[in-house]
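*Asks:* For reference, this is data.csv, and it has CSV, C-alpha atoms.
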chain,number,residue,atom,x,y,z
A,480,MET,CA,-54.6,-68.4,2.1
A,481,TYR,CA,-55.6,-69.5,5.7
A,482,ILE,CA,-58.8,-67.4,5.5
A,483,ALA,CA,-59.8,-69.1,2.3
A,484,LEU,CA,-59.1,-72.5,3.8
A,485,ILE,CA,-61.2,-71.7,6.9
A,486,ILE,CA,-64.1,-70.5,4.7
A,487,LEU,CA,-64.0,-73.7,2.7
A,488,LEU,CA,-64.0,-75.8,5.8
A,489,MET,CA,-66.9,-73.8,7.2
A,490,LEU,CA,-68.9,-74.3,4.0
A,491,ALA,CA,-68.1,-78.0,4.0
A,492,LEU,CA,-69.3,-78.3,7.6
A,493,ILE,CA,-72.5,-76.3,6.8
A,494,GLY,CA,-73.1,-78.6,3.8
A,495,MET,CA,-72.7,-81.7,5.9
A,496,LEU,CA,-75.1,-80.4,8.6
A,497,PHE,CA,-77.6,-79.5,6.0
A,498,GLY,CA,-77.4,-82.9,4.3
A,499,HIS,CA,-77.7,-84.6,7.7
A,500,PHE,CA,-80.8,-82.8,8.7
A,501,ARG,CA,-82.3,-83.1,5.2
A,502,ARG,CA,-81.7,-86.9,5.4
A,503,LYS,CA,-83.4,-87.2,8.8
A,504,LYS,CA,-86.4,-85.2,7.5
A,505,ILE,CA,-86.8,-87.5,4.5
A,506,ILE,CA,-86.5,-90.6,6.7
A,507,ARG,CA,-89.3,-89.3,9.0
A,508,LYS,CA,-91.4,-88.4,6.0
A,509,ILE,CA,-91.2,-91.9,4.5
A,510,ALA,CA,-91.7,-93.5,7.9
A,511,CYS,CA,-95.0,-91.6,8.3
A,512,MET,CA,-96.4,-92.9,5.0
A,513,ASP,CA,-98.5,-96.1,5.0
A,514,LYS,CA,-97.9,-98.9,2.5
A,515,ARG,CA,-100.8,-97.9,0.3
A,516,GLU,CA,-99.6,-94.4,0.0
A,517,LYS,CA,-96.1,-95.5,-0.9
A,518,CYS,CA,-97.3,-97.9,-3.5
A,519,SER,CA,-99.6,-95.3,-5.1
A,520,LEU,CA,-96.7,-92.8,-5.2
A,521,LEU,CA,-94.3,-95.4,-6.8
A,522,GLU,CA,-96.9,-96.2,-9.4
A,523,GLU,CA,-97.1,-92.5,-10.3
A,524,LEU,CA,-93.4,-92.1,-10.4
A,525,ALA,CA,-92.8,-95.2,-12.6
A,526,GLU,CA,-95.6,-94.5,-15.2
A,527,PRO,CA,-93.7,-91.8,-17.2
A,528,PHE,CA,-90.8,-94.2,-17.7
A,529,GLY,CA,-93.1,-96.9,-19.1
A,530,TYR,CA,-93.1,-99.2,-16.0
A,531,LEU,CA,-95.4,-100.5,-13.3
A,532,TYR,CA,-94.3,-101.2,-9.7
A,533,HIS,CA,-95.5,-104.4,-8.0
A,534,CYS,CA,-95.6,-103.4,-4.4
A,535,CYS,CA,-96.4,-106.8,-3.0
A,536,CYS,CA,-93.2,-108.3,-4.5
A,537,GLY,CA,-90.8,-105.4,-4.9
A,538,TYR,CA,-90.1,-105.3,-8.6
A,539,PHE,CA,-90.8,-103.2,-11.7
A,540,SER,CA,-92.3,-104.5,-15.0
A,541,SER,CA,-93.1,-102.8,-18.3
A,542,ALA,CA,-96.6,-101.4,-19.1
A,543,VAL,CA,-98.5,-102.7,-22.1
A,544,ASP,CA,-98.6,-99.2,-23.5
A,545,ALA,CA,-95.0,-98.3,-22.6
A,546,TRP,CA,-93.5,-95.6,-24.7
A,547,GLN,CA,-90.6,-98.0,-25.6
A,548,LYS,CA,-93.0,-99.8,-27.9
A,549,ALA,CA,-92.5,-97.2,-30.6
A,550,ALA,CA,-88.8,-98.0,-30.7
A,551,GLY,CA,-89.3,-101.6,-31.9
A,552,TYR,CA,-86.2,-103.7,-31.8
A,553,THR,CA,-82.9,-104.0,-33.7
A,554,TRP,CA,-79.8,-106.0,-33.0
A,555,LEU,CA,-77.9,-102.8,-32.4
A,556,TYR,CA,-79.8,-102.4,-29.0
A,557,ASP,CA,-78.2,-105.5,-27.7
A,558,TYR,CA,-74.9,-104.7,-29.1
A,559,MET,CA,-74.8,-101.3,-27.4
A,560,ALA,CA,-76.3,-102.5,-24.1
A,561,PRO,CA,-73.0,-103.1,-22.3
A,562,ARG,CA,-72.0,-99.5,-22.9
A,563,PHE,CA,-75.0,-98.5,-20.7
A,564,GLN,CA,-74.4,-100.9,-17.8
A,565,MET,CA,-76.7,-103.6,-19.2
A,566,VAL,CA,-75.0,-107.0,-19.2
A,567,PHE,CA,-77.3,-109.9,-20.0
A,568,ASP,CA,-77.5,-113.3,-21.8
A,569,ALA,CA,-79.8,-113.1,-24.8
A,570,LEU,CA,-81.6,-115.8,-26.7
A,571,PRO,CA,-83.1,-114.5,-30.0
A,572,VAL,CA,-85.5,-116.9,-31.7
A,573,TYR,CA,-86.3,-116.1,-35.4
A,574,PHE,CA,-89.1,-117.8,-37.3
A,575,ASN,CA,-91.4,-117.2,-40.3
A,576,TYR,CA,-95.1,-117.1,-39.9
A,577,ARG,CA,-97.8,-116.0,-42.3
A,578,GLY,CA,-95.6,-113.9,-44.6
A,579,LYS,CA,-93.5,-112.2,-41.8
A,580,THR,CA,-90.3,-113.0,-39.9
A,581,TRP,CA,-91.0,-113.0,-36.2
A,582,LEU,CA,-88.5,-112.5,-33.4
A,583,ILE,CA,-89.2,-113.6,-29.8
A,584,GLU,CA,-86.2,-112.8,-27.7
A,585,PHE,CA,-85.4,-113.7,-24.1
A,586,TRP,CA,-83.0,-111.8,-21.9
A,587,LYS,CA,-81.7,-112.3,-18.3
A,588,GLY,CA,-79.0,-110.4,-16.5
A,589,GLN,CA,-78.0,-107.2,-14.8
A,590,TYR,CA,-79.5,-103.8,-15.8
A,591,GLY,CA,-77.6,-101.2,-13.8
A,592,ILE,CA,-78.5,-101.9,-10.2
A,593,ASN,CA,-81.4,-104.1,-11.2
A,594,THR,CA,-81.4,-107.9,-11.7
A,595,GLY,CA,-84.0,-108.7,-14.4
A,596,ALA,CA,-85.4,-110.6,-17.3
A,597,GLU,CA,-87.4,-109.9,-20.4
A,598,ILE,CA,-89.5,-111.6,-23.1
A,599,GLY,CA,-89.9,-109.4,-26.2
A,600,ILE,CA,-92.3,-110.2,-29.1
A,601,TYR,CA,-91.6,-108.5,-32.5
A,602,HIS,CA,-92.0,-109.0,-36.2
A,603,ALA,CA,-90.7,-107.6,-39.5
A,604,ASP,CA,-93.1,-106.4,-42.2
A,605,ARG,CA,-92.0,-109.1,-44.5
A,606,LEU,CA,-89.9,-112.3,-44.7
A,607,LEU,CA,-86.2,-111.7,-44.0
A,608,THR,CA,-83.1,-113.6,-45.0
A,609,GLU,CA,-80.7,-114.6,-42.2
A,610,ALA,CA,-78.3,-112.0,-43.4
A,611,GLU,CA,-80.9,-109.3,-42.6
A,612,TYR,CA,-81.5,-110.4,-39.0
A,613,HIS,CA,-78.9,-108.0,-37.6
A,614,THR,CA,-79.9,-105.0,-39.7
A,615,ALA,CA,-83.7,-105.1,-39.8
A,616,LEU,CA,-85.9,-103.0,-37.5
A,617,PHE,CA,-88.6,-105.2,-36.0
A,618,GLU,CA,-91.9,-103.7,-34.9
A,619,ALA,CA,-93.4,-104.6,-31.5
A,620,ALA,CA,-96.4,-107.0,-31.6
A,621,GLY,CA,-99.7,-105.1,-32.0
A,622,GLU,CA,-102.7,-105.4,-29.7
A,623,GLU,CA,-104.1,-108.5,-31.4
A,624,GLU,CA,-100.7,-110.0,-32.0
A,625,MET,CA,-99.6,-110.0,-28.3
A,626,LEU,CA,-99.2,-113.5,-26.7
A,627,PRO,CA,-99.8,-114.8,-23.2
A,628,CYS,CA,-96.4,-115.1,-21.6
A,629,SER,CA,-95.0,-116.1,-18.2
A,630,MET,CA,-91.6,-116.4,-16.7
A,631,GLU,CA,-89.9,-117.4,-13.5
A,632,LEU,CA,-86.4,-116.0,-12.8
A,633,TYR,CA,-84.3,-117.8,-10.3
A,634,GLU,CA,-81.2,-116.3,-8.7
A,635,ALA,CA,-78.2,-118.1,-7.4
A,636,ASN,CA,-79.4,-117.8,-3.8
A,637,GLY,CA,-82.6,-119.6,-4.6
A,638,ASP,CA,-84.9,-116.4,-4.6
A,639,PHE,CA,-87.1,-116.0,-7.6
A,640,VAL,CA,-89.6,-113.7,-9.2
A,641,LYS,CA,-92.7,-114.8,-11.2
A,642,ILE,CA,-94.8,-112.8,-13.6
A,643,SER,CA,-97.3,-113.6,-16.3
A,644,ASP,CA,-99.4,-111.4,-18.7
A,645,ARG,CA,-100.6,-111.1,-22.2
A,646,HIS,CA,-97.9,-108.8,-23.5
A,647,TRP,CA,-95.5,-107.7,-26.2
A,648,TRP,CA,-92.6,-107.1,-23.7
A,649,LEU,CA,-92.9,-109.0,-20.5
A,650,THR,CA,-90.3,-107.9,-17.9
A,651,ALA,CA,-89.3,-108.0,-14.3
A,652,PHE,CA,-86.6,-105.8,-12.7
A,653,ILE,CA,-85.5,-106.2,-9.1
A,654,PRO,CA,-83.8,-103.1,-7.7
A,655,GLY,CA,-80.7,-103.3,-5.6
A,656,VAL,CA,-79.8,-106.9,-6.5
A,657,PHE,CA,-76.6,-107.8,-8.2
A,658,SER,CA,-76.3,-111.0,-10.3
A,659,ARG,CA,-74.1,-112.5,-13.0
A,660,PRO,CA,-76.2,-113.5,-16.1
A,661,SER,CA,-74.7,-117.0,-15.9
A,662,GLU,CA,-76.1,-117.4,-12.3
A,663,LEU,CA,-79.7,-116.7,-13.4
A,664,CYS,CA,-82.1,-119.3,-14.7
A,665,MET,CA,-85.3,-118.4,-16.5
A,666,GLU,CA,-88.3,-120.7,-17.0
A,667,ALA,CA,-90.4,-119.2,-19.8
A,668,SER,CA,-93.7,-120.2,-21.2
A,669,ILE,CA,-95.6,-118.7,-24.2
A,670,CYS,CA,-99.1,-119.6,-25.6
A,671,PHE,CA,-99.5,-119.2,-29.4
A,672,HIS,CA,-102.4,-118.3,-31.6
A,673,ASP,CA,-102.4,-121.6,-33.4
A,674,GLY,CA,-100.4,-124.8,-34.0
A,675,GLU,CA,-98.6,-123.4,-37.1
A,676,MET,CA,-97.1,-120.5,-35.1
A,677,LEU,CA,-96.2,-122.8,-32.2
A,678,GLU,CA,-94.4,-125.3,-34.5
A,679,ALA,CA,-92.5,-122.5,-36.3
A,680,PHE,CA,-91.3,-121.1,-33.0
A,681,ARG,CA,-90.3,-124.5,-31.8
A,682,ARG,CA,-88.1,-125.1,-34.8
A,683,GLY,CA,-86.6,-121.6,-34.4
A,684,LEU,CA,-85.9,-122.3,-30.7
A,685,CYS,CA,-84.0,-125.5,-31.7
A,686,ARG,CA,-82.0,-123.6,-34.2
A,687,ALA,CA,-81.1,-121.1,-31.5
A,688,GLY,CA,-79.5,-123.9,-29.5
A,689,CYS,CA,-82.2,-125.1,-27.2
A,690,LEU,CA,-82.2,-128.8,-26.7
A,691,GLU,CA,-85.3,-130.7,-27.9
A,692,GLU,CA,-85.6,-132.6,-24.6
A,693,THR,CA,-85.8,-129.4,-22.6
A,694,ILE,CA,-88.9,-128.2,-24.5
A,695,SER,CA,-92.4,-129.0,-23.2
A,696,VAL,CA,-95.5,-128.5,-25.2
A,697,ARG,CA,-99.1,-128.6,-23.9
A,698,ASN,CA,-102.0,-127.6,-26.1
A,699,LEU,CA,-100.8,-124.3,-27.7
A,700,CYS,CA,-98.4,-123.4,-24.9
A,701,LEU,CA,-94.6,-124.1,-25.1
A,702,SER,CA,-92.3,-124.0,-22.0
A,703,PHE,CA,-88.6,-124.3,-21.8
A,704,THR,CA,-85.7,-123.3,-19.5
A,705,PHE,CA,-83.1,-120.7,-20.4
A,706,HIS,CA,-80.0,-121.0,-18.4
A,707,LYS,CA,-76.9,-121.1,-20.5
A,708,PRO,CA,-77.1,-119.5,-24.0
A,709,MET,CA,-75.1,-120.5,-27.0
A,710,PRO,CA,-71.4,-119.5,-26.7
A,711,GLY,CA,-71.2,-115.8,-27.5
A,712,HIS,CA,-68.5,-114.5,-29.9
A,713,TYR,CA,-67.9,-111.1,-28.3
A,714,GLY,CA,-65.2,-108.9,-29.7
A,715,LEU,CA,-62.5,-107.6,-27.5
A,716,LEU,CA,-64.1,-104.2,-27.0
A,717,THR,CA,-67.5,-105.7,-26.1
A,718,ARG,CA,-65.9,-108.0,-23.5
A,719,PHE,CA,-64.2,-105.0,-22.0
A,720,HIS,CA,-67.4,-103.1,-21.7
A,721,ARG,CA,-69.2,-106.1,-20.2
A,722,LEU,CA,-66.5,-106.5,-17.5
A,723,LEU,CA,-66.3,-102.8,-16.8
A,724,SER,CA,-70.1,-102.5,-16.6
A,725,GLN,CA,-70.4,-105.4,-14.2
A,726,PHE,CA,-67.7,-104.0,-12.0
A,727,LEU,CA,-69.6,-100.7,-11.9
A,728,ASN,CA,-72.9,-102.4,-11.4
A,729,ARG,CA,-71.6,-104.2,-8.3
A,730,ILE,CA,-70.3,-100.9,-6.9
A,731,TYR,CA,-73.6,-99.1,-7.7
A,732,CYS,CA,-75.6,-101.9,-6.0
A,733,ARG,CA,-73.6,-101.6,-2.8
A,734,LEU,CA,-73.9,-97.8,-2.9
A,735,PHE,CA,-77.7,-98.1,-3.3
A,736,VAL,CA,-77.9,-100.3,-0.3
A,737,TRP,CA,-75.5,-98.1,1.7
A,738,VAL,CA,-77.2,-94.8,0.9
A,739,THR,CA,-80.7,-96.2,1.6
A,740,ARG,CA,-79.5,-98.1,4.7
A,741,PRO,CA,-82.1,-96.7,7.1
A,742,PHE,CA,-84.6,-98.9,5.2
A,743,VAL,CA,-85.0,-102.6,4.3
A,744,CYS,CA,-88.2,-102.7,2.1
A,745,THR,CA,-87.6,-102.0,-1.6
A,746,GLU,CA,-90.3,-99.3,-1.8
A,747,ASP,CA,-88.8,-97.4,1.1
A,748,ARG,CA,-85.4,-97.5,-0.5
A,749,ILE,CA,-86.6,-96.3,-3.8
A,750,LEU,CA,-88.7,-93.4,-2.3
A,751,PHE,CA,-85.7,-92.4,-0.2
A,752,LEU,CA,-83.5,-92.3,-3.3
A,753,TYR,CA,-86.2,-90.2,-5.1
A,754,TYR,CA,-86.4,-87.6,-2.4
A,755,TYR,CA,-82.7,-87.6,-1.4
A,756,ILE,CA,-80.9,-88.0,-4.8
A,757,PRO,CA,-83.4,-87.5,-7.7
A,758,PHE,CA,-80.8,-87.9,-10.3
A,759,CYS,CA,-80.0,-91.4,-9.1
A,760,PHE,CA,-83.7,-92.2,-9.1
A,761,ARG,CA,-84.0,-91.3,-12.7
A,762,LYS,CA,-80.9,-93.3,-13.5
A,763,LEU,CA,-82.5,-96.3,-11.7
A,764,MET,CA,-85.7,-96.0,-13.8
A,765,ARG,CA,-83.9,-96.0,-17.2
A,766,LEU,CA,-83.9,-99.8,-17.3
A,767,ARG,CA,-84.0,-100.0,-21.1
A,768,ARG,CA,-82.8,-97.2,-23.4
A,769,CYS,CA,-84.3,-95.9,-26.6
A,770,HIS,CA,-81.5,-95.5,-29.1
A,771,ARG,CA,-81.0,-93.0,-31.9
A,772,ARG,CA,-83.0,-95.1,-34.3
A,773,CYS,CA,-86.1,-94.5,-32.2
A,774,HIS,CA,-85.4,-90.7,-32.3
A,775,ARG,CA,-85.1,-90.8,-36.1
A,776,LYS,CA,-88.3,-92.8,-36.4
A,777,ASN,CA,-90.1,-90.2,-34.4
A,778,GLY,CA,-88.6,-87.5,-36.6
A,779,CYS,CA,-86.8,-85.9,-33.6
A,780,ARG,CA,-83.6,-84.0,-34.2
A,781,ARG,CA,-83.1,-83.1,-30.5
A,782,PRO,CA,-83.9,-86.3,-28.5
A,783,LYS,CA,-82.5,-84.9,-25.3
A,784,ARG,CA,-85.3,-82.3,-25.2
A,785,CYS,CA,-88.0,-84.4,-26.8
A,786,ARG,CA,-90.7,-85.7,-24.4
A,787,LYS,CA,-91.6,-88.4,-26.8
A,788,CYS,CA,-88.1,-89.8,-26.9
A,789,ARG,CA,-87.1,-89.1,-23.3
A,790,PRO,CA,-90.0,-89.0,-20.7
A,791,HIS,CA,-89.3,-87.4,-17.4
A,792,GLY,CA,-90.6,-88.5,-14.0
A,793,ARG,CA,-92.1,-85.8,-11.9
A,794,VAL,CA,-92.1,-86.3,-9.0
A,795,ARG,CA,-92.7,-110.5,-6.9
A,796,SER,CA,-96.3,-112.4,-7.8
Please go through the file and, once you have read it, give me the structure as structure tokens.
*Replies:*
Amino acid sequence: MYIALIILLMLALIGMLFGHFRRKKIIRKIACMDKREKCSLLEELAEPFGYLYHCCCGYFSSAVDAWQKAAGYTWLYDYMAPRFQMVFDALPVYFNYRGKTWLIEFWKGQYGINTGAEIGIYHADRLLTEAEYHTALFEAAGEEEMLPCSMELYEANGDFVKISDRHWWLTAFIPGVFSRPSELCMEASICFHDGEMLEAFRRGLCRAGCLEETISVRNLCLSFTFHKPMPGHYGLLTRFHRLLSQFLNRIYCRLFVWVTRPFVCTEDRILFLYYYIPFCFRKLMRLRRCHRRCHRKNGCRRPKRCRKCRPHGRVRS
């Protein structure tokens, strides 16, 4: 009995010493890298997950050709999100334009250990009734259907991130920052193809609960502020998942800062996590999940092993 206990203590001590020296080695390795090398490596690491890293500002955004585009969008994604530590306010705007029902949705909130925001542009293949909004699968906007978008996300402490691009899914995710969705404010702007599309979106935005006086239109561009969404009618189980996920998100954010405490810069923290705890790095990069509907669409019966459905990573403007 005593011999087994002594052996366990010795193994634990050896493990602690090994972890200590491995940690020191990784810290020295990152400290010896210049900023350009770090940014290049982070871009390489983020690419298989469908994201870009903005080294100058310390946030991730989605690539135009991100693999998530094949999944499209359905209401089920938002409904399931709190089960995967994604707690956000959503503002879906439905409108009809040229024989199709379009959906432009805005999100802001907490995505695991990331504070972030999104603008997604989708459409159905036909006109839908309101009863079909929560069951239809919307396709992502194609190359010629993408719209110039921009957004500024303000945090409670006054910090903000700004990004703009012609996109179908404009995003910004800031690692290691915890926020409550209600504390975040998004100023969004979208430029449309023509006045007909702009007016249809404006009417849809008003139906979604945005006050007319908060909307600003200039030429073919519409801007508005998304702060407090319409009151959500969450079920008891969804409210439980939101509270639990936010509780875990806060803990994970503190753990991220504590584990990567030798560093202050975001790129240093992320690289340290990649080298020291690769599993946690992959968890960090799964900002948005492709649900089973995506796997079925791809004809995949084994999504956990399918590279199309689940890419693996090798390795503020």
*Asks:* Applying 8 Å and only C-alpha atoms, which residues near segment 554-567 of chain A remain after dropping the ones on its own chain fewer than 6 positions away? List them as a CSV table (one decimal) with C-alpha atoms, in the coordinates of the input.
*Replies:*
chain,number,residue,atom,x,y,z
A,586,TRP,CA,-83.0,-111.8,-21.9
A,587,LYS,CA,-81.7,-112.3,-18.3
A,588,GLY,CA,-79.0,-110.4,-16.5
A,589,GLN,CA,-78.0,-107.2,-14.8
A,590,TYR,CA,-79.5,-103.8,-15.8
A,591,GLY,CA,-77.6,-101.2,-13.8
A,612,TYR,CA,-81.5,-110.4,-39.0
A,613,HIS,CA,-78.9,-108.0,-37.6
A,614,THR,CA,-79.9,-105.0,-39.7
A,615,ALA,CA,-83.7,-105.1,-39.8
A,660,PRO,CA,-76.2,-113.5,-16.1
A,717,THR,CA,-67.5,-105.7,-26.1
A,720,HIS,CA,-67.4,-103.1,-21.7
A,721,ARG,CA,-69.2,-106.1,-20.2
A,724,SER,CA,-70.1,-102.5,-16.6
A,725,GLN,CA,-70.4,-105.4,-14.2
A,727,LEU,CA,-69.6,-100.7,-11.9
A,728,ASN,CA,-72.9,-102.4,-11.4
A,770,HIS,CA,-81.5,-95.5,-29.1
*Asks:* What separation in Å, quoted to one decimal, exists between atom CA of Met625 of chain A and atom CA of Lys762 of chain A?
*Replies:* 29.1 Å
*Asks:* Would you mind telling me which residue in A:Leu570, A:Ile694, A:Ala679, A:Ala542 lies nearest to Glu526 of chain A when using all atoms listed in the file?
*Replies:*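 Checking each of A:Leu570, A:Ile694, A:Ala679, A:Ala542 against Glu526 of chain A, counting all atoms listed in the file, the winner is A:Ala542.
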*Asks:* Figure out the distance between atom CA of His712 of chain A and atom CA of Lys548 of chain A, please, to one decimal in Å.
*Replies:*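 Straight-line distance from atom CA of Lys548 of chain A to atom CA of His712 of chain A works out to 28.6 Å.
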*Asks:* Around (-96.2, -96.9, -2.8) in the file's own coordinates, what residues are found within 12 Å if you use all atoms listed in the file, given back as a PyMOL selection string?
*Replies:* chain A and resi 509+512-525+531-538+744-751
*Asks:* Looking at only C-alpha atoms, which of A:Asn593, A:Thr704, A:Thr693, A:Gln547 is the one that sits closest to Glu618 of chain A?
*Replies:*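 Of all the options, A:Gln547 lies closest to Glu618 of chain A.
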*Asks:* Could you tell me how far atom CA of Val696 of chain A lies from atom CA of Phe671 of chain A, in Å and to one decimal?
*Replies:* 11.0 Å
*Asks:* Contacts of Ala596 of chain A at 12 Å or less, counting all atoms listed in the file, minus same-chain residues fewer than 3 places along, as a PyMOL selection string?
*Replies:* chain A and resi 538-541+565-570+584-590+593+599+629-634+639-642+648-653+658+660+663-667+705-706+766-767
*Asks:* Since we have the selection now, will you write its residues out, keeping C-alpha atoms, as a compact mmCIF listing (two decimals), in the coordinates of the input?
*Replies:*
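Wrote out_35.txt, looks like this:
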# COMPACT_ATOMS: atom_id res chain seq x y z
CA TYR A 538 -90.10 -105.30 -8.60
CA PHE A 539 -90.80 -103.20 -11.70
CA SER A 540 -92.30 -104.50 -15.00
CA SER A 541 -93.10 -102.80 -18.30
CA MET A 565 -76.70 -103.60 -19.20
CA VAL A 566 -75.00 -107.00 -19.20
CA PHE A 567 -77.30 -109.90 -20.00
CA ASP A 568 -77.50 -113.30 -21.80
CA ALA A 569 -79.80 -113.10 -24.80
CA LEU A 570 -81.60 -115.80 -26.70
CA GLU A 584 -86.20 -112.80 -27.70
CA PHE A 585 -85.40 -113.70 -24.10
CA TRP A 586 -83.00 -111.80 -21.90
CA LYS A 587 -81.70 -112.30 -18.30
CA GLY A 588 -79.00 -110.40 -16.50
CA GLN A 589 -78.00 -107.20 -14.80
CA TYR A 590 -79.50 -103.80 -15.80
CA ASN A 593 -81.40 -104.10 -11.20
CA GLY A 599 -89.90 -109.40 -26.20
CA SER A 629 -95.00 -116.10 -18.20
CA MET A 630 -91.60 -116.40 -16.70
CA GLU A 631 -89.90 -117.40 -13.50
CA LEU A 632 -86.40 -116.00 -12.80
CA TYR A 633 -84.30 -117.80 -10.30
CA GLU A 634 -81.20 -116.30 -8.70
CA PHE A 639 -87.10 -116.00 -7.60
CA VAL A 640 -89.60 -113.70 -9.20
CA LYS A 641 -92.70 -114.80 -11.20
CA ILE A 642 -94.80 -112.80 -13.60
CA TRP A 648 -92.60 -107.10 -23.70
CA LEU A 649 -92.90 -109.00 -20.50
CA THR A 650 -90.30 -107.90 -17.90
CA ALA A 651 -89.30 -108.00 -14.30
CA PHE A 652 -86.60 -105.80 -12.70
CA ILE A 653 -85.50 -106.20 -9.10
CA SER A 658 -76.30 -111.00 -10.30
CA PRO A 660 -76.20 -113.50 -16.10
CA LEU A 663 -79.70 -116.70 -13.40
CA CYS A 664 -82.10 -119.30 -14.70
CA MET A 665 -85.30 -118.40 -16.50
CA GLU A 666 -88.30 -120.70 -17.00
CA ALA A 667 -90.40 -119.20 -19.80
CA PHE A 705 -83.10 -120.70 -20.40
CA HIS A 706 -80.00 -121.00 -18.40
CA LEU A 766 -83.90 -99.80 -17.30
CA ARG A 767 -84.00 -100.00 -21.10
*Asks:* Compile the contact shell of Asn698 of chain A as an mmCIF file with C-alpha atoms, in the frame of the given file: residues with an atom at most 12 Å away, counting all atoms listed in the file, same-chain residues fewer than 5 positions apart removed.
*Replies:*
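Final output, saved to selection.cif:
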data_model
loop_
_atom_site.group_PDB
_atom_site.id
_atom_site.type_symbol
_atom_site.label_atom_id
_atom_site.label_comp_id
_atom_site.auth_asym_id
_atom_site.auth_seq_id
_atom_site.Cartn_x
_atom_site.Cartn_y
_atom_site.Cartn_z
ATOM 1 C CA ILE A 669 -95.600 -118.700 -24.200
ATOM 2 C CA CYS A 670 -99.100 -119.600 -25.600
ATOM 3 C CA PHE A 671 -99.500 -119.200 -29.400
ATOM 4 C CA HIS A 672 -102.400 -118.300 -31.600
ATOM 5 C CA ASP A 673 -102.400 -121.600 -33.400
ATOM 6 C CA GLY A 674 -100.400 -124.800 -34.000
ATOM 7 C CA LEU A 677 -96.200 -122.800 -32.200
ATOM 8 C CA GLU A 678 -94.400 -125.300 -34.500
#
*Asks:* Hey, what's within 7 Å of His602 of chain A if we count all atoms listed in the file and toss same-chain stuff fewer than 6 positions away? As a ChimeraX atom specification, please?
*Replies:* /A:579-582,617-620
*Asks:* Go through A:Phe760, A:Phe680, A:Phe726, A:Phe528 and flag the residue nearest Leu699 of chain A, using all atoms listed in the file for the distances.
*Replies:* A:Phe680
*Asks:* Measuring between all atoms listed in the file, which one of A:Val656, A:Arg765, A:Ser661, A:Pro710 shows the shortest distance to Val736 of chain A?
*Replies:*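 Among A:Val656, A:Arg765, A:Ser661, A:Pro710, it is A:Val656 that comes nearest to Val736 of chain A.
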*Asks:* From (-101.0, -109.4, -30.7), in the file's coordinates, out to 9 Å: which residues are reached, counting all atoms listed in the file? Answer as a list of chain:residue names.
*Replies:*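 Protein, DNA and RNA residues close to (-101.0, -109.4, -30.7): A:Ile600, A:Ala620, A:Gly621, A:Glu622, A:Glu623, A:Glu624, A:Met625, A:Leu626, A:Arg645, A:His646, A:Trp647.
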*Asks:* Which residue, A:Leu684, A:Phe735, A:Ala549, A:Ala483, has the smallest gap to Ile583 of chain A when you use all atoms listed in the file?
*Replies:*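 Between A:Leu684, A:Phe735, A:Ala549, A:Ala483, the residue approaching Ile583 of chain A most closely is A:Leu684.
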*Asks:* Given the choices A:Tyr530, A:Phe657, A:Tyr713, A:Tyr601, which gets closest to Leu734 of chain A if the distance is worked out from only C-alpha atoms?
*Replies:*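 Distance minimum relative to Leu734 of chain A lands on A:Phe657.
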*Asks:* Grab segment 686-712 of chain A from that structure and dump C-alpha atoms to a file, as a PDB file, in the first residue's frame.
*Replies:*
ATOM      1  CA  ARG A 686     -41.105  44.462 -38.090  1.00  0.00           C
ATOM      2  CA  ALA A 687     -38.218  42.910 -36.145  1.00  0.00           C
ATOM      3  CA  GLY A 688     -38.584  45.645 -33.515  1.00  0.00           C
ATOM      4  CA  CYS A 689     -36.082  48.308 -34.586  1.00  0.00           C
ATOM      5  CA  LEU A 690     -37.425  51.828 -34.049  1.00  0.00           C
ATOM      6  CA  GLU A 691     -37.797  53.929 -37.192  1.00  0.00           C
ATOM      7  CA  GLU A 692     -35.972  56.899 -35.648  1.00  0.00           C
ATOM      8  CA  THR A 693     -32.830  54.806 -34.987  1.00  0.00           C
ATOM      9  CA  ILE A 694     -32.473  53.899 -38.682  1.00  0.00           C
ATOM     10  CA  SER A 695     -30.307  56.036 -40.945  1.00  0.00           C
ATOM     11  CA  VAL A 696     -30.319  55.768 -44.757  1.00  0.00           C
ATOM     12  CA  ARG A 697     -27.784  57.341 -47.088  1.00  0.00           C
ATOM     13  CA  ASN A 698     -27.852  56.510 -50.788  1.00  0.00           C
ATOM     14  CA  LEU A 699     -28.150  52.684 -50.819  1.00  0.00           C
ATOM     15  CA  CYS A 700     -26.627  52.162 -47.353  1.00  0.00           C
ATOM     16  CA  LEU A 701     -28.669  51.625 -44.188  1.00  0.00           C
ATOM     17  CA  SER A 702     -27.226  51.970 -40.675  1.00  0.00           C
ATOM     18  CA  PHE A 703     -28.750  51.249 -37.290  1.00  0.00           C
ATOM     19  CA  THR A 704     -27.808  50.395 -33.706  1.00  0.00           C
ATOM     20  CA  PHE A 705     -28.460  46.961 -32.244  1.00  0.00           C
ATOM     21  CA  HIS A 706     -28.382  47.130 -28.454  1.00  0.00           C
ATOM     22  CA  LYS A 707     -31.444  45.570 -26.873  1.00  0.00           C
ATOM     23  CA  PRO A 708     -33.330  42.948 -28.901  1.00  0.00           C
ATOM     24  CA  MET A 709     -37.015  42.268 -28.704  1.00  0.00           C
ATOM     25  CA  PRO A 710     -37.922  40.433 -25.462  1.00  0.00           C
ATOM     26  CA  GLY A 711     -37.083  36.769 -25.947  1.00  0.00           C
ATOM     27  CA  HIS A 712     -39.520  34.085 -24.901  1.00  0.00           C
TER      28      HIS A 712
END
